[in-house]
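Novice: Please see the structure below; I have some questions.
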Amino acid sequence: MAFRDRASAHAALDEMYRRMGAADRCEVFISLLEHGAAAKALDRSFAAAPDGALTGMILAVKDNIDVEGFATTAACPGFPRTGRPDAAAVAALRREGATIIGKTNLDQFATGLVGTRSPYGAVRDSRRPDRISGGSSSGSAVSVAMGFVDASLGTDTAGSGRVPAGLQGIIGVKATVGAVSNEGVVPACASYDCVTVFAESAAIAGKIMGIMSRTGSRDWPADLKCAAPDRPIVGIPAELPGLSESWAAGFARAVAALRANGADVRKIDLAPSIAAAKMLYESPIVSERAEAVGEFVGVAPATGTAQEGTGYEADAIAGLDPTVAGIVRAAGRFSATDVLAARRELDRRRRTAMAEWEGVDVVMVPTAPFHPTIAEVQADPIDVNARMGTYTNFCNLFDLCAVSVPAGEVAEDDGSSAQFGVTLLGRAFRDGVVADVAALVGGPVDGDEHGGSANWVIGRAPEMGMLPLVVFGAHLRGQPLNSELTGLGAAFVGDVSTAPTYRLLALATQPPKPGLTRVGGEGVAGSRIAGEEWIMSPAALGTFLAHLPEPMALGAVELSDGRWVTGFTCQPDAVMGAPDISRFGGWRNYLQSK
């Protein structure tokens, strides 16, 4: 089903262009279709994919990601590459009907967390124009926050898909490294780059991420946890370096919200993670930035010096930002042996840091420690940028997934209020767990008016080799054995019912549970029995089966939609003499009748 019908999509597009015209934020986009051209592009999307999951959705894309029909500048006027096909992630979205209307501004070559390092202009905060937007995906975040598009794509290496989300009060989703293809993306540090999503709604972001993840290069594990447990354990930093009193109070409110919505909270030492994060820019690992664009910037390999013919005049002609050019050129001074040694040191630091995460499902941190003014960044561009990455730089180095979510507002010294965000972090491939816990910051969220879910892994689970399981009694949600499913990372898919060929009988067990049996023989009446469908990894299903108590068994169950799905049945001798409760249509109805 389309995201919007044609009429409402055109109405939304008209409103977006009205907002752009009224806002006078020319720095947000590097290239933007004229209103009429955007309307024609929208019509083409409806013609190509009338029933696409994203048909009627209007997107912007960070200008370091290739989009057919647009130049890719990476915020450097002398760099443009033209005539390129859609990046893999963009192509996946277009196949589902998404309409792309423009390319957004960024910190040049995705090098920065501030959003000011661009010859196309510093991208200003959506509410307080004297403040930074956050970067490097600056224009992408602001375009969503100001209602210019439904959602946008960014990239994330050091936090570029999270910091601007936190400062702009929107959702930012950064999946496991490699979960989305980087084909067609100008690299920053290729080993750690990720294509990300910004949206006002977690469900819209999840819909987009689920589609883009079809392009990923990594195999998902057989013991994948699709969802968070009923009562997740969330690690929080024992100390909060860089936060003012009011920002720390904002984090405390987010912690309280987690507790109120069913999470257990445990303090951990985040210092080893923060220390390791400095390696992204302060160790030979940064040399990947020289490898990515050093030839264009004019880096002499292994020296980090500008090649002959470069200099301030040449930089100005090429449109190079001086701070970015300095970082890239300095990154070229390391040798291959330096890089190998740094990677070994990073592995050691990662093991030390991740030992602090043992026993927790996810970790919650502030997305950014403060919200500086543009003037503060201009006065000290390196130090302010480094401080912005306090809670983000280690994420991709450690192969983590992350979701940044809004967490209210905090007071500033000048009397204004800043939008405050927190980020939920999880180990690789725990994207579904992180999405579920992130929803608890603002209260449990199952979906939105467009039918999406924040937990995008559930929609992809069948493609990842996950297996369905149907339950009819004590393993239903809210029942005493449901934790046996959620503890293994199983995810709820939806309500189901059997074909009208079953009986449900009340067994004399502790805790009470029913037995489901298929009716045999002609003329024997059966019933439709209500149940639930869950999805879980093969490893989890094997563990579940190994601990299945007598007299329960797993077998094929025919559902009302014609599918045969693994589900709970019962050994025949166990139901002899058991009361037939089929007339109630399901276990919950039976319990309510007692």
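Scheme for the structure tokens: letters A, B, ... for chains in order shown; per-chain residue numbers from 1; ligand numbers from 1 in order shown.
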Quick one: everything within 9 Å of Gly562 in chain A, counting only C-alpha atoms, minus sequence neighbours fewer than 4 positions away in the same chain. Send it as a compact mmCIF listing (two decimals) with N, CA and C atoms, in the first residue's frame.

Specialist:
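Wrote selection.txt, looks like this:
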# COMPACT_ATOMS: atom_id res chain seq x y z
N THR A 498 -6.46 -19.95 13.74
CA THR A 498 -6.29 -21.20 13.01
C THR A 498 -7.38 -21.35 11.95
N ALA A 499 -7.18 -22.34 11.09
CA ALA A 499 -8.27 -22.79 10.23
C ALA A 499 -9.36 -23.38 11.14
N GLU A 558 -2.26 -25.17 10.83
CA GLU A 558 -2.85 -24.48 9.68
C GLU A 558 -3.57 -23.23 10.15

Novice: At a cut-off of 12 Å, using only C-alpha atoms, what residues contact Ala256 in chain A? Leave out same-chain residues fewer than 4 positions from it and give the result as a PyMOL selection string.

Specialist: chain A and resi 234+236+249-252+260-265+407+440-443

Novice: Please report the interatomic distance between CA of Arg214 in chain A and CA of Gly97 in chain A in Å with one decimal.

Specialist: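 We find that CA of Arg214 in chain A and CA of Gly97 in chain A lie 15.4 Å from each other.
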
Novice: Quick one: residues within 8 Å of Glu484 in chain A, only C-alpha atoms, excluding same-chain residues fewer than 4 positions away - as a list in words?

Specialist: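 That gives His475, Leu488 and Phe544 of chain A.
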
Novice: List the spatial neighbours of Leu481 in chain A as an mmCIF file with N, CA, C and O atoms, in the first residue's frame - criterion: any atom at most 10 Å away, only C-alpha atoms, same-chain residues fewer than 6 positions off excluded.

Specialist:
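So the final result, stored in result.cif, reads:
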data_model
loop_
_atom_site.group_PDB
_atom_site.id
_atom_site.type_symbol
_atom_site.label_atom_id
_atom_site.label_comp_id
_atom_site.auth_asym_id
_atom_site.auth_seq_id
_atom_site.Cartn_x
_atom_site.Cartn_y
_atom_site.Cartn_z
ATOM 1 N N GLY A 473 -1.611 -19.966 24.110
ATOM 2 C CA GLY A 473 -1.964 -20.040 25.518
ATOM 3 C C GLY A 473 -1.059 -19.240 26.422
ATOM 4 O O GLY A 473 -1.016 -18.000 26.363
ATOM 5 N N ALA A 474 -0.306 -19.922 27.267
ATOM 6 C CA ALA A 474 0.484 -19.260 28.302
ATOM 7 C C ALA A 474 1.662 -18.470 27.752
ATOM 8 O O ALA A 474 2.314 -17.734 28.494
ATOM 9 N N HIS A 475 1.958 -18.596 26.450
ATOM 10 C CA HIS A 475 3.035 -17.809 25.834
ATOM 11 C C HIS A 475 2.519 -16.565 25.122
ATOM 12 O O HIS A 475 3.304 -15.819 24.538
ATOM 13 N N PRO A 511 2.046 -23.364 35.116
ATOM 14 C CA PRO A 511 0.825 -22.558 35.147
ATOM 15 C C PRO A 511 -0.226 -23.126 34.190
ATOM 16 O O PRO A 511 0.107 -23.911 33.302
ATOM 17 N N LYS A 513 -2.509 -23.893 31.139
ATOM 18 C CA LYS A 513 -2.293 -23.673 29.716
ATOM 19 C C LYS A 513 -3.257 -24.559 28.941
ATOM 20 O O LYS A 513 -3.759 -25.564 29.463
#
